[in-house]
>>> print(open('run_39.tsv').read())   # TSV, C-alpha atoms
chain	number	residue	atom	x	y	z
A	1	MET	CA	-44.50	100.67	-35.03
A	2	ILE	CA	-48.00	100.01	-33.78
A	3	ASP	CA	-49.66	102.75	-31.76
A	4	VAL	CA	-49.49	101.52	-28.18
A	5	THR	CA	-52.19	103.93	-27.04
A	6	ALA	CA	-54.65	102.11	-29.26
A	7	ILE	CA	-54.30	99.02	-27.09
A	8	ASP	CA	-54.25	100.82	-23.80
A	9	GLN	CA	-57.71	100.80	-22.32
A	10	ARG	CA	-56.78	103.45	-19.77
A	11	THR	CA	-55.65	105.95	-22.37
A	12	SER	CA	-57.52	107.99	-24.92
A	13	SER	CA	-56.46	108.18	-28.56
A	14	ALA	CA	-54.73	111.46	-27.72
A	15	GLY	CA	-52.63	109.66	-25.16
A	16	VAL	CA	-54.30	111.31	-22.16
A	17	ARG	CA	-55.03	109.13	-19.18
A	18	LEU	CA	-58.75	108.63	-18.60
A	19	GLU	CA	-58.69	106.64	-15.38
A	20	PRO	CA	-56.45	106.29	-12.34
A	21	SER	CA	-54.24	103.25	-12.28
A	22	ILE	CA	-55.63	99.84	-11.41
A	23	ALA	CA	-52.21	98.20	-11.59
A	24	SER	CA	-51.60	95.69	-8.83
A	25	VAL	CA	-48.27	95.00	-7.16
A	26	GLY	CA	-48.21	91.79	-9.21
A	27	ASP	CA	-48.36	93.80	-12.44
A	28	TYR	CA	-45.24	95.71	-11.43
A	29	VAL	CA	-43.54	92.46	-10.39
A	30	ALA	CA	-44.40	91.04	-13.85
A	31	LEU	CA	-42.59	94.02	-15.43
A	32	LEU	CA	-39.41	92.74	-13.80
A	33	LYS	CA	-39.54	89.41	-15.71
A	34	PRO	CA	-39.12	87.33	-12.54
A	35	ARG	CA	-38.30	84.09	-14.37
A	36	VAL	CA	-35.43	85.70	-16.27
A	37	MET	CA	-34.41	87.39	-13.02
A	38	SER	CA	-34.16	84.04	-11.22
A	39	LEU	CA	-31.68	82.71	-13.80
A	40	VAL	CA	-29.68	85.95	-13.60
A	41	VAL	CA	-29.54	85.75	-9.80
A	42	PHE	CA	-28.46	82.10	-9.90
A	43	THR	CA	-25.62	82.65	-12.39
A	44	ALA	CA	-24.52	85.79	-10.50
A	45	LEU	CA	-24.56	83.79	-7.27
A	46	VAL	CA	-22.22	81.20	-8.82
A	47	GLY	CA	-19.84	83.94	-10.02
A	48	LEU	CA	-19.90	85.42	-6.53
A	49	MET	CA	-19.40	82.11	-4.70
A	50	ILE	CA	-16.54	80.72	-6.79
A	51	ALA	CA	-14.59	83.99	-6.78
A	52	PRO	CA	-11.42	83.91	-4.69
A	53	GLY	CA	-11.43	86.01	-1.57
A	54	HIS	CA	-14.15	86.79	0.91
A	55	ILE	CA	-17.23	88.94	0.88
A	56	HIS	CA	-19.36	89.52	3.96
A	57	PRO	CA	-22.70	87.70	3.54
A	58	VAL	CA	-24.62	90.97	3.94
A	59	LEU	CA	-22.61	92.57	1.15
A	60	GLY	CA	-22.96	89.43	-0.98
A	61	PHE	CA	-26.73	89.59	-0.47
A	62	THR	CA	-26.69	93.30	-1.33
A	63	ALA	CA	-24.76	92.59	-4.53
A	64	LEU	CA	-27.22	89.88	-5.58
A	65	LEU	CA	-30.16	92.13	-4.72
A	66	CYS	CA	-28.74	94.94	-6.86
A	67	ILE	CA	-28.05	92.54	-9.75
A	68	ALA	CA	-31.60	91.16	-9.48
A	69	VAL	CA	-33.18	94.62	-9.39
A	70	GLY	CA	-30.94	95.81	-12.23
A	71	ALA	CA	-31.99	92.83	-14.35
A	72	GLY	CA	-35.63	93.55	-13.46
A	73	ALA	CA	-35.18	97.19	-14.45
A	74	ALA	CA	-33.81	96.10	-17.82
A	75	GLY	CA	-36.87	93.86	-18.22
A	76	ALA	CA	-39.23	96.73	-17.42
A	77	LEU	CA	-37.46	99.03	-19.90
A	78	ASN	CA	-37.64	96.24	-22.51
A	79	MET	CA	-41.41	95.96	-21.95
A	80	TRP	CA	-41.73	99.75	-22.22
A	81	TYR	CA	-40.04	99.86	-25.61
A	82	ASP	CA	-41.50	96.62	-26.97
A	83	ALA	CA	-45.09	97.23	-25.86
A	84	ASP	CA	-46.24	97.49	-29.49
A	85	ILE	CA	-44.81	94.13	-30.58
A	86	ASP	CA	-45.71	92.48	-27.27
A	87	ALA	CA	-49.35	93.31	-28.03
A	88	VAL	CA	-49.41	91.34	-31.28
A	89	MET	CA	-47.50	88.28	-30.04
A	90	SER	CA	-49.53	85.63	-28.22
A	91	ARG	CA	-46.63	84.81	-25.86
A	92	THR	CA	-46.39	88.40	-24.63
A	93	ALA	CA	-49.90	89.81	-25.13
A	94	GLY	CA	-50.70	89.14	-21.47
A	95	ARG	CA	-47.93	91.42	-20.21
A	96	PRO	CA	-49.04	94.40	-18.08
A	97	ILE	CA	-48.65	97.12	-20.75
A	98	PRO	CA	-50.49	95.37	-23.62
A	99	ARG	CA	-53.25	94.49	-21.16
A	100	GLY	CA	-53.64	98.15	-20.27
A	101	ARG	CA	-52.75	97.64	-16.60
A	102	ILE	CA	-49.65	99.82	-16.74
A	103	LEU	CA	-48.93	102.74	-19.08
A	104	PRO	CA	-45.69	102.67	-21.12
A	105	GLY	CA	-44.53	105.85	-19.37
A	106	GLU	CA	-45.09	104.25	-15.98
A	107	ALA	CA	-42.99	101.27	-17.00
A	108	LEU	CA	-40.27	103.63	-18.25
A	109	GLY	CA	-40.20	105.54	-14.98
A	110	PHE	CA	-40.30	102.35	-12.93
A	111	GLY	CA	-37.48	100.72	-14.90
A	112	ALA	CA	-35.27	103.80	-15.04
A	113	THR	CA	-35.66	104.45	-11.30
A	114	LEU	CA	-34.95	100.86	-10.31
A	115	GLY	CA	-31.98	100.65	-12.65
A	116	ALA	CA	-30.43	103.86	-11.33
A	117	PHE	CA	-30.96	102.78	-7.71
A	118	ALA	CA	-29.53	99.30	-8.29
A	119	VAL	CA	-26.37	100.67	-9.92
A	120	ALA	CA	-25.91	103.42	-7.31
A	121	VAL	CA	-26.38	101.09	-4.33
A	122	LEU	CA	-24.03	98.49	-5.82
A	123	ALA	CA	-21.41	101.20	-6.43
A	124	LEU	CA	-21.70	102.79	-2.99
A	125	LEU	CA	-21.99	99.66	-0.88
A	126	VAL	CA	-20.14	96.89	-2.73
A	127	SER	CA	-17.94	97.59	-5.78
A	128	TRP	CA	-17.51	100.31	-8.37
A	129	LEU	CA	-16.48	97.80	-11.04
A	130	ALA	CA	-19.48	95.56	-10.37
A	131	ALA	CA	-21.74	98.62	-10.56
A	132	ALA	CA	-20.17	99.73	-13.85
A	133	LEU	CA	-20.71	96.24	-15.26
A	134	LEU	CA	-24.33	96.24	-14.08
A	135	ALA	CA	-24.89	99.65	-15.70
A	136	PHE	CA	-23.32	98.36	-18.91
A	137	THR	CA	-25.51	95.24	-18.79
A	138	ILE	CA	-28.70	97.31	-18.46
A	139	PHE	CA	-27.53	99.66	-21.21
A	140	PHE	CA	-26.61	96.76	-23.49
A	141	TYR	CA	-29.93	94.95	-22.98
A	142	VAL	CA	-32.08	98.04	-23.45
A	143	ALA	CA	-30.18	100.20	-25.96
A	144	VAL	CA	-28.16	97.68	-27.96
A	145	TYR	CA	-30.47	94.64	-27.92
A	146	THR	CA	-34.01	96.01	-27.47
A	147	ILE	CA	-33.83	99.35	-29.27
A	148	TRP	CA	-31.11	98.76	-31.86
A	149	LEU	CA	-30.74	95.08	-32.80
A	150	LYS	CA	-34.01	93.30	-32.04
A	151	ARG	CA	-35.98	94.78	-34.93
A	152	ARG	CA	-33.06	95.00	-37.36
A	153	THR	CA	-31.08	91.77	-37.55
A	154	PRO	CA	-31.55	88.02	-37.07
A	155	GLN	CA	-28.32	88.13	-35.05
A	156	ASN	CA	-30.25	90.11	-32.41
A	157	ILE	CA	-30.23	87.43	-29.73
A	158	VAL	CA	-26.67	86.31	-30.55
A	159	ILE	CA	-25.20	89.75	-29.83
A	160	GLY	CA	-27.87	90.69	-27.29
A	161	GLY	CA	-27.11	87.49	-25.41
A	162	ALA	CA	-24.03	89.22	-24.00
A	163	ALA	CA	-26.29	91.11	-21.60
A	164	GLY	CA	-27.72	87.91	-20.15
A	165	ALA	CA	-24.24	86.39	-19.91
A	166	LEU	CA	-22.69	89.16	-17.79
A	167	PRO	CA	-24.25	88.50	-14.32
A	168	PRO	CA	-21.62	85.90	-13.23
A	169	VAL	CA	-18.93	88.44	-14.18
A	170	ILE	CA	-20.70	91.05	-12.03
A	171	GLY	CA	-20.91	88.57	-9.14
A	172	TRP	CA	-17.19	87.83	-9.46
A	173	ALA	CA	-16.31	91.53	-9.63
A	174	ALA	CA	-18.38	92.21	-6.51
A	175	VAL	CA	-16.00	89.95	-4.55
A	176	THR	CA	-12.63	90.56	-6.18
A	177	GLY	CA	-12.98	94.04	-7.63
A	178	ASP	CA	-11.56	92.82	-10.95
A	179	ILE	CA	-12.25	90.48	-13.86
A	180	ALA	CA	-10.39	87.22	-14.51
A	181	VAL	CA	-10.45	84.34	-16.99
A	182	GLU	CA	-12.86	82.24	-14.89
A	183	PRO	CA	-15.85	84.62	-15.03
A	184	ILE	CA	-15.15	85.22	-18.72
A	185	LEU	CA	-15.53	81.46	-19.27
A	186	LEU	CA	-18.88	81.59	-17.44
A	187	PHE	CA	-19.81	84.52	-19.68
A	188	LEU	CA	-18.92	82.47	-22.78
A	189	ILE	CA	-20.98	79.47	-21.64
A	190	THR	CA	-24.13	81.59	-21.30
A	191	PHE	CA	-23.27	83.51	-24.48
A	192	PHE	CA	-23.05	80.35	-26.62
A	193	TRP	CA	-26.03	78.82	-24.83
A	194	THR	CA	-28.36	81.73	-25.66
A	195	PRO	CA	-28.80	81.17	-29.44
A	196	PRO	CA	-29.94	77.51	-29.31
A	197	HIS	CA	-32.11	78.33	-26.29
A	198	PHE	CA	-33.89	81.26	-27.94
A	199	TRP	CA	-34.01	79.85	-31.46
A	200	ALA	CA	-35.71	76.70	-30.15
A	201	LEU	CA	-38.38	78.99	-28.72
A	202	SER	CA	-38.53	81.12	-31.87
A	203	LEU	CA	-39.10	77.98	-33.99
A	204	LEU	CA	-42.25	77.44	-31.94
A	205	ARG	CA	-43.27	81.12	-32.17
A	206	ALA	CA	-42.17	81.94	-35.73
A	207	ASP	CA	-45.70	83.09	-36.68
A	208	ASP	CA	-45.76	85.41	-33.69
A	209	TYR	CA	-42.44	86.98	-34.62
A	210	ALA	CA	-43.45	87.29	-38.27
A	211	ARG	CA	-46.70	89.05	-37.29
A	212	ALA	CA	-44.73	91.43	-35.07
A	213	ARG	CA	-42.16	91.92	-37.86
A	214	VAL	CA	-39.29	90.90	-35.59
A	215	PRO	CA	-36.53	89.46	-37.82
A	216	MET	CA	-35.84	86.35	-35.76
A	217	LEU	CA	-33.79	83.73	-37.60
A	218	PRO	CA	-36.74	81.40	-38.49
A	219	VAL	CA	-38.60	84.38	-40.00
A	220	VAL	CA	-35.66	85.71	-42.03
A	221	ALA	CA	-33.62	82.61	-42.91
A	222	GLY	CA	-36.29	79.94	-42.49
A	223	PRO	CA	-36.71	77.09	-40.03
A	224	ASP	CA	-34.18	74.76	-41.72
A	225	GLU	CA	-31.33	77.27	-41.49
A	226	THR	CA	-32.38	77.95	-37.88
A	227	ARG	CA	-32.16	74.22	-37.11
A	228	ARG	CA	-28.68	74.12	-38.66
A	229	GLN	CA	-27.52	77.11	-36.60
A	230	ILE	CA	-29.00	75.57	-33.43
A	231	LEU	CA	-26.95	72.41	-34.04
A	232	ILE	CA	-23.75	74.39	-34.71
A	233	TYR	CA	-24.09	76.48	-31.53
A	234	SER	CA	-25.04	73.38	-29.48
A	235	ALA	CA	-21.92	71.58	-30.74
A	236	MET	CA	-19.77	74.60	-29.85
A	237	LEU	CA	-21.23	74.47	-26.35
A	238	ILE	CA	-19.43	71.18	-25.60
A	239	PRO	CA	-15.87	72.60	-25.62
A	240	VAL	CA	-17.01	75.95	-24.26
A	241	GLY	CA	-18.92	74.25	-21.44
A	242	ALA	CA	-15.95	72.01	-20.64
A	243	ALA	CA	-13.44	74.90	-20.82
A	244	PRO	CA	-13.42	75.62	-17.05
A	245	TRP	CA	-12.29	72.01	-16.50
A	246	LEU	CA	-9.94	71.91	-19.51
A	247	LEU	CA	-8.21	75.09	-18.31
A	248	GLY	CA	-7.94	73.83	-14.76
A	249	PHE	CA	-10.48	76.10	-13.09
A	250	ALA	CA	-12.94	73.30	-12.32
A	251	GLY	CA	-12.64	69.65	-11.35
A	252	LEU	CA	-13.33	66.35	-13.04
A	253	LEU	CA	-16.88	66.21	-11.64
A	254	TYR	CA	-17.70	69.46	-13.44
A	255	GLY	CA	-15.83	68.39	-16.59
A	256	ALA	CA	-17.68	65.09	-16.87
A	257	THR	CA	-21.02	66.79	-16.21
A	258	ALA	CA	-20.35	69.53	-18.77
A	259	ILE	CA	-19.40	67.04	-21.48
A	260	ALA	CA	-22.36	64.74	-20.75
A	261	ALA	CA	-24.82	67.64	-20.62
A	262	GLY	CA	-23.28	69.11	-23.77
A	263	ALA	CA	-23.67	65.79	-25.58
A	264	LEU	CA	-27.33	65.66	-24.51
A	265	MET	CA	-27.78	69.24	-25.76
A	266	VAL	CA	-26.38	68.21	-29.15
A	267	ALA	CA	-28.66	65.14	-29.15
A	268	PHE	CA	-31.71	67.34	-28.52
A	269	ALA	CA	-30.51	69.78	-31.20
A	270	TRP	CA	-30.05	66.87	-33.61
A	271	ARG	CA	-33.69	65.83	-33.03
A	272	VAL	CA	-34.68	69.39	-33.88
A	273	ARG	CA	-32.57	69.14	-37.04
A	274	VAL	CA	-34.15	65.91	-38.29
A	275	GLU	CA	-37.77	66.38	-37.12
A	276	ARG	CA	-38.94	69.11	-39.47
A	277	GLU	CA	-42.69	68.70	-39.81
A	278	GLY	CA	-45.78	68.87	-37.63
A	279	GLU	CA	-46.12	67.74	-34.04
A	280	PRO	CA	-42.77	65.85	-33.86
A	281	ALA	CA	-40.93	69.02	-34.95
A	282	GLU	CA	-42.72	71.09	-32.31
A	283	ARG	CA	-42.05	68.47	-29.66
A	284	ALA	CA	-38.34	68.38	-30.54
A	285	ALA	CA	-38.05	72.19	-30.31
A	286	ARG	CA	-39.98	72.25	-27.02
A	287	ARG	CA	-37.73	69.54	-25.55
A	288	LEU	CA	-34.57	71.38	-26.61
A	289	PHE	CA	-35.89	74.61	-25.10
A	290	GLY	CA	-36.72	72.83	-21.83
A	291	PHE	CA	-33.41	70.95	-21.68
A	292	SER	CA	-31.39	74.08	-22.44
A	293	ILE	CA	-32.62	75.58	-19.16
A	294	VAL	CA	-31.68	72.39	-17.31
A	295	TYR	CA	-28.28	72.41	-19.07
A	296	LEU	CA	-27.33	75.87	-17.86
A	297	PHE	CA	-28.62	75.16	-14.35
A	298	ILE	CA	-26.67	71.88	-14.08
A	299	LEU	CA	-23.37	73.39	-15.24
A	300	PHE	CA	-23.54	76.35	-12.88
A	301	ALA	CA	-24.87	74.20	-10.03
A	302	MET	CA	-21.98	71.78	-10.49
A	303	LEU	CA	-19.50	74.63	-10.14
A	304	LEU	CA	-21.21	75.54	-6.85
A	305	VAL	CA	-21.16	71.90	-5.67
A	306	GLU	CA	-17.48	71.51	-6.51
A	307	HIS	CA	-16.66	74.79	-4.78
A	308	GLY	CA	-18.56	73.62	-1.70
A	309	LEU	CA	-16.78	70.23	-1.73
A	310	VAL	CA	-13.37	71.87	-2.07
A	311	GLY	CA	-14.25	74.15	0.83
A	312	LEU	CA	-15.35	71.21	2.98
A	313	LEU	CA	-12.27	69.12	2.12
A	314	GLY	CA	-10.04	72.13	2.69
A	315	ARG	CA	-11.46	72.57	6.17
A	316	GLY	CA	-11.15	68.84	6.87
A	317	ALA	CA	-7.49	68.72	5.84
B	1	MET	CA	-72.98	130.03	-11.12
B	2	ASP	CA	-72.91	126.65	-9.59
B	3	GLU	CA	-69.40	125.51	-10.54
B	4	LYS	CA	-68.25	122.45	-8.70
B	5	PRO	CA	-64.64	121.35	-9.04
B	6	GLU	CA	-64.28	118.02	-10.80
B	7	TRP	CA	-62.70	115.50	-8.51
B	8	ILE	CA	-61.54	112.12	-9.60
B	9	VAL	CA	-63.48	109.63	-7.54
B	10	LEU	CA	-61.66	106.34	-7.23
B	11	THR	CA	-63.57	103.13	-7.59
B	12	GLU	CA	-63.21	100.46	-4.94
B	13	ALA	CA	-60.90	98.48	-7.23
B	14	GLN	CA	-58.71	101.54	-7.80
B	15	LYS	CA	-58.59	102.26	-4.07
B	16	ARG	CA	-57.64	98.68	-3.31
B	17	SER	CA	-54.86	98.58	-5.91
B	18	ARG	CA	-53.52	101.97	-4.79
B	19	ARG	CA	-53.46	100.81	-1.17
B	20	ALA	CA	-51.64	97.61	-2.14
B	21	ARG	CA	-49.07	99.62	-4.15
B	22	SER	CA	-48.58	102.05	-1.25
B	23	ILE	CA	-48.01	99.20	1.21
B	24	ALA	CA	-45.54	97.55	-1.19
B	25	ILE	CA	-43.58	100.82	-1.59
B	26	ALA	CA	-43.55	101.29	2.21
B	27	LEU	CA	-42.25	97.74	2.74
B	28	VAL	CA	-39.54	98.18	0.12
B	29	LEU	CA	-38.42	101.52	1.60
B	30	GLY	CA	-38.42	100.01	5.10
B	31	ALA	CA	-36.32	97.07	3.86
B	32	LEU	CA	-33.88	99.49	2.21
B	33	VAL	CA	-33.48	101.49	5.42
B	34	LEU	CA	-32.82	98.25	7.31
B	35	LEU	CA	-30.32	97.11	4.66
B	36	PHE	CA	-28.40	100.39	4.72
B	37	TYR	CA	-28.33	100.31	8.52
B	38	ILE	CA	-26.97	96.75	8.58
B	39	VAL	CA	-24.37	97.57	5.92
B	40	THR	CA	-23.10	100.50	7.98
B	41	LEU	CA	-22.68	98.08	10.90
B	42	VAL	CA	-20.85	95.59	8.66
B	43	LYS	CA	-18.57	98.09	6.95
B	44	GLY	CA	-18.18	100.50	9.83
B	45	PRO	CA	-18.44	104.29	9.78
B	46	GLY	CA	-16.19	104.56	6.71
B	47	VAL	CA	-18.75	102.81	4.55
B	48	LEU	CA	-18.29	105.21	1.63
B	49	ASN	CA	-14.62	105.94	2.23
B	50	ARG	CA	-12.76	103.53	-0.05
B	51	PRO	CA	-10.54	103.69	-3.13
B	52	LEU	CA	-11.99	103.54	-6.61
>>> encode(input="run_39.tsv", output="structure tokens")
Amino acid sequence: MIDVTAIDQRTSSAGVRLEPSIASVGDYVALLKPRVMSLVVFTALVGLMIAPGHIHPVLGFTALLCIAVGAGAAGALNMWYDADIDAVMSRTAGRPIPRGRILPGEALGFGATLGAFAVAVLALLVSWLAAALLAFTIFFYVAVYTIWLKRRTPQNIVIGGAAGALPPVIGWAAVTGDIAVEPILLFLITFFWTPPHFWALSLLRADDYARARVPMLPVVAGPDETRRQILIYSAMLIPVGAAPWLLGFAGLLYGATAIAAGALMVAFAWRVRVEREGEPAERAARRLFGFSIVYLFILFAMLLVEHGLVGLLGRGA
Amino acid sequence: MDEKPEWIVLTEAQKRSRRARSIAIALVLGALVLLFYIVTLVKGPGVLNRPL
């Protein structure tokens, strides 16, 4: 591991702070990975909205707030542990710890405090099961993915993807107090979506990951094998994405959207598979990465739309 | 002996960032108090009294 203190302008080589903090509120917000948090909140919202039963809007908001803060805490703890590799990767070198704005210990305290508060508030005010799932999600992302798998295996983001896939299950549990097949299907969609999403990015940043000695698939198995795996996972996404419709949990509108979006995902993955050199290869990977975000948003949004339509028609009947 | 205690003197930038952080913490704590108050209204006095 690289000595983080060497890159921290506010810290001496002995690790003793030389100056008081200049961290802004924005630096602490950046520790929470707000873009990841927004996707987590959206998928949790869908899990919460489509769950049978009723939750008071204030409690629903509280649940989403806790899930958001818990996800942010996991992000902060990830940045604490990964500060050394973040510093040598161009994509992450601008994060608050590598820039010397926040000390690793401060990020650790911030993340641990937020995580504990988010879990406790969710448990006390909304649901014990949802809180246990949130605690497990934070643990899985930090301990299993960040600390254990990320630097050891190219399957890091495959297994670690489970943490990012759990928020809709937490949202569902916040309403019903249990887990059913429907939220597990939402979990599986995000779980199978994560590898092609991240590997498209890692194809673009393979040099970064190699420099940081992170064994991402393009670094360990090469870009061609990565392209093959991206195509396989994208193809698996079609039946997995359509499963809520196939099993009768969602309507035809969702089913048609899931199949069409899945086919587009495979088409983008196929371009990645065949465009292997230079600018066209980079463009294909960038397009797949961009579309993968749209894909997940469309599928979950369609579930929300269908749920809203069913609610409206139910009231009109 | 002329021993003066060494105080850390904050720069203007450090004072500004500390003030901004303090205001943010105050706002978050205030929002939490408000949230807990509203939840007690929503769930009633038995807010914590429920089965596992």
>>> residues_around(input="run_39.tsv", residues="Lys15 of chain B", least_positions_apart="4", cutoff="12 Å", atoms="only C-alpha atoms", output="PyMOL selection string")
(chain A and resi 20-24) or (chain B and resi 8-11+19-22)
>>> interface_residues(input="run_39.tsv", of="chain A", to="chain B", cutoff="10 Å", atoms="all atoms listed in the file", output="mmCIF file with C-alpha atoms, in the coordinates of the input")
data_model
loop_
_atom_site.group_PDB
_atom_site.id
_atom_site.type_symbol
_atom_site.label_atom_id
_atom_site.label_comp_id
_atom_site.auth_asym_id
_atom_site.auth_seq_id
_atom_site.Cartn_x
_atom_site.Cartn_y
_atom_site.Cartn_z
ATOM 1 C CA GLU A 19 -58.690 106.640 -15.380
ATOM 2 C CA PRO A 20 -56.450 106.290 -12.340
ATOM 3 C CA SER A 21 -54.240 103.250 -12.280
ATOM 4 C CA ILE A 22 -55.630 99.840 -11.410
ATOM 5 C CA ALA A 23 -52.210 98.200 -11.590
ATOM 6 C CA SER A 24 -51.600 95.690 -8.830
ATOM 7 C CA VAL A 25 -48.270 95.000 -7.160
ATOM 8 C CA GLY A 26 -48.210 91.790 -9.210
ATOM 9 C CA TYR A 28 -45.240 95.710 -11.430
ATOM 10 C CA HIS A 56 -19.360 89.520 3.960
ATOM 11 C CA PRO A 57 -22.700 87.700 3.540
ATOM 12 C CA VAL A 58 -24.620 90.970 3.940
ATOM 13 C CA LEU A 59 -22.610 92.570 1.150
ATOM 14 C CA PHE A 61 -26.730 89.590 -0.470
ATOM 15 C CA THR A 62 -26.690 93.300 -1.330
ATOM 16 C CA VAL A 121 -26.380 101.090 -4.330
ATOM 17 C CA ALA A 123 -21.410 101.200 -6.430
ATOM 18 C CA LEU A 124 -21.700 102.790 -2.990
ATOM 19 C CA LEU A 125 -21.990 99.660 -0.880
ATOM 20 C CA VAL A 126 -20.140 96.890 -2.730
ATOM 21 C CA SER A 127 -17.940 97.590 -5.780
ATOM 22 C CA TRP A 128 -17.510 100.310 -8.370
ATOM 23 C CA LEU A 129 -16.480 97.800 -11.040
ATOM 24 C CA GLY A 177 -12.980 94.040 -7.630
#
>>> residues_around(input="run_39.tsv", residues="segment 87-90 of chain A", least_positions_apart="5", cutoff="7 Å", atoms="only C-alpha atoms", output="PyMOL selection string")
chain A and resi 98+208-209+211-212
>>> residues_around(input="run_39.tsv", residues="segment 37-52 of chain A", least_positions_apart="4", cutoff="10 Å", atoms="all atoms listed in the file", output="mmCIF file with C-alpha atoms, in the frame of the given file")
data_model
loop_
_atom_site.group_PDB
_atom_site.id
_atom_site.type_symbol
_atom_site.label_atom_id
_atom_site.label_comp_id
_atom_site.auth_asym_id
_atom_site.auth_seq_id
_atom_site.Cartn_x
_atom_site.Cartn_y
_atom_site.Cartn_z
ATOM 1 C CA LEU A 32 -39.410 92.740 -13.800
ATOM 2 C CA LYS A 33 -39.540 89.410 -15.710
ATOM 3 C CA GLY A 60 -22.960 89.430 -0.980
ATOM 4 C CA PHE A 61 -26.730 89.590 -0.470
ATOM 5 C CA ALA A 63 -24.760 92.590 -4.530
ATOM 6 C CA LEU A 64 -27.220 89.880 -5.580
ATOM 7 C CA LEU A 65 -30.160 92.130 -4.720
ATOM 8 C CA CYS A 66 -28.740 94.940 -6.860
ATOM 9 C CA ILE A 67 -28.050 92.540 -9.750
ATOM 10 C CA ALA A 68 -31.600 91.160 -9.480
ATOM 11 C CA VAL A 69 -33.180 94.620 -9.390
ATOM 12 C CA GLY A 70 -30.940 95.810 -12.230
ATOM 13 C CA ALA A 71 -31.990 92.830 -14.350
ATOM 14 C CA GLY A 72 -35.630 93.550 -13.460
ATOM 15 C CA ALA A 73 -35.180 97.190 -14.450
ATOM 16 C CA ALA A 74 -33.810 96.100 -17.820
ATOM 17 C CA GLY A 75 -36.870 93.860 -18.220
ATOM 18 C CA GLY A 164 -27.720 87.910 -20.150
ATOM 19 C CA ALA A 165 -24.240 86.390 -19.910
ATOM 20 C CA LEU A 166 -22.690 89.160 -17.790
ATOM 21 C CA PRO A 167 -24.250 88.500 -14.320
ATOM 22 C CA PRO A 168 -21.620 85.900 -13.230
ATOM 23 C CA VAL A 169 -18.930 88.440 -14.180
ATOM 24 C CA ILE A 170 -20.700 91.050 -12.030
ATOM 25 C CA GLY A 171 -20.910 88.570 -9.140
ATOM 26 C CA TRP A 172 -17.190 87.830 -9.460
ATOM 27 C CA ALA A 173 -16.310 91.530 -9.630
ATOM 28 C CA ALA A 174 -18.380 92.210 -6.510
ATOM 29 C CA VAL A 175 -16.000 89.950 -4.550
ATOM 30 C CA THR A 176 -12.630 90.560 -6.180
ATOM 31 C CA ILE A 179 -12.250 90.480 -13.860
ATOM 32 C CA ALA A 180 -10.390 87.220 -14.510
ATOM 33 C CA GLU A 182 -12.860 82.240 -14.890
ATOM 34 C CA PRO A 183 -15.850 84.620 -15.030
ATOM 35 C CA ILE A 184 -15.150 85.220 -18.720
ATOM 36 C CA LEU A 186 -18.880 81.590 -17.440
ATOM 37 C CA PHE A 187 -19.810 84.520 -19.680
ATOM 38 C CA THR A 190 -24.130 81.590 -21.300
ATOM 39 C CA PHE A 249 -10.480 76.100 -13.090
ATOM 40 C CA ALA A 250 -12.940 73.300 -12.320
ATOM 41 C CA ILE A 293 -32.620 75.580 -19.160
ATOM 42 C CA LEU A 296 -27.330 75.870 -17.860
ATOM 43 C CA PHE A 297 -28.620 75.160 -14.350
ATOM 44 C CA LEU A 299 -23.370 73.390 -15.240
ATOM 45 C CA PHE A 300 -23.540 76.350 -12.880
ATOM 46 C CA ALA A 301 -24.870 74.200 -10.030
ATOM 47 C CA MET A 302 -21.980 71.780 -10.490
ATOM 48 C CA LEU A 303 -19.500 74.630 -10.140
ATOM 49 C CA LEU A 304 -21.210 75.540 -6.850
ATOM 50 C CA VAL A 305 -21.160 71.900 -5.670
ATOM 51 C CA GLU A 306 -17.480 71.510 -6.510
ATOM 52 C CA HIS A 307 -16.660 74.790 -4.780
ATOM 53 C CA GLY A 308 -18.560 73.620 -1.700
#
>>> atom_distance(input="run_39.tsv", atom1="atom CA of Thr92 of chain A", atom2="atom CA of Leu134 of chain A")
25.7 Å
>>> residues_around(input="run_39.tsv", residues="segment 101-111 of chain A", least_positions_apart="3", cutoff="6 Å", atoms="only C-alpha atoms", output="VMD selection string")
chain A and resid 23 73 76 to 77 80 96 to 97 114 to 115
>>> atom_distance(input="run_39.tsv", atom1="atom CA of Phe289 of chain A", atom2="atom CA of Val266 of chain A")
12.2 Å
>>> closest_residue(input="run_39.tsv", among="A:Val310, A:Ile85, A:Phe117, A:Ile189", to="Pro244 of chain A", atoms="only C-alpha atoms")
A:Ile189
>>> atom_distance(input="run_39.tsv", atom1="atom CA of Val29 of chain A", atom2="atom CA of Val28 of chain B")
12.6 Å
>>> axis_aligned_box(input="run_39.tsv", around="segment 32-47 of chain B", padding_each_side="8 Å", output="AutoDock Vina command-line options")
--center_x -25.0 --center_y 100.1 --center_z 6.6 --size_x 33.7 --size_y 25.0 --size_z 24.7
>>> closest_residue(input="run_39.tsv", among="A:Leu31, A:Asn156, A:Gly262, A:Leu247", to="Leu185 of chain A", atoms="only C-alpha atoms")
A:Leu247
>>> closest_residue(input="run_39.tsv", among="A:Gln155, A:Phe140, A:Phe291, A:Asp178", to="Gly53 of chain A", atoms="only C-alpha atoms")
A:Asp178
>>> decode(input="run_39.tsv", residues="segment 91-101 of chain A", atoms="C-alpha atoms", output="compact mmCIF listing (two decimals), in the first residue's frame")
# COMPACT_ATOMS: atom_id res chain seq x y z
CA ARG A 91 -10.46 9.29 -12.02
CA THR A 92 -10.22 9.48 -8.23
CA ALA A 93 -7.18 11.67 -7.57
CA GLY A 94 -9.45 14.69 -7.08
CA ARG A 95 -11.29 13.12 -4.15
CA PRO A 96 -11.05 14.98 -0.81
CA ILE A 97 -8.51 12.67 0.88
CA PRO A 98 -5.95 12.44 -1.97
CA ARG A 99 -6.22 16.22 -2.35
CA GLY A 100 -5.33 16.66 1.32
CA ARG A 101 -8.62 18.37 2.19
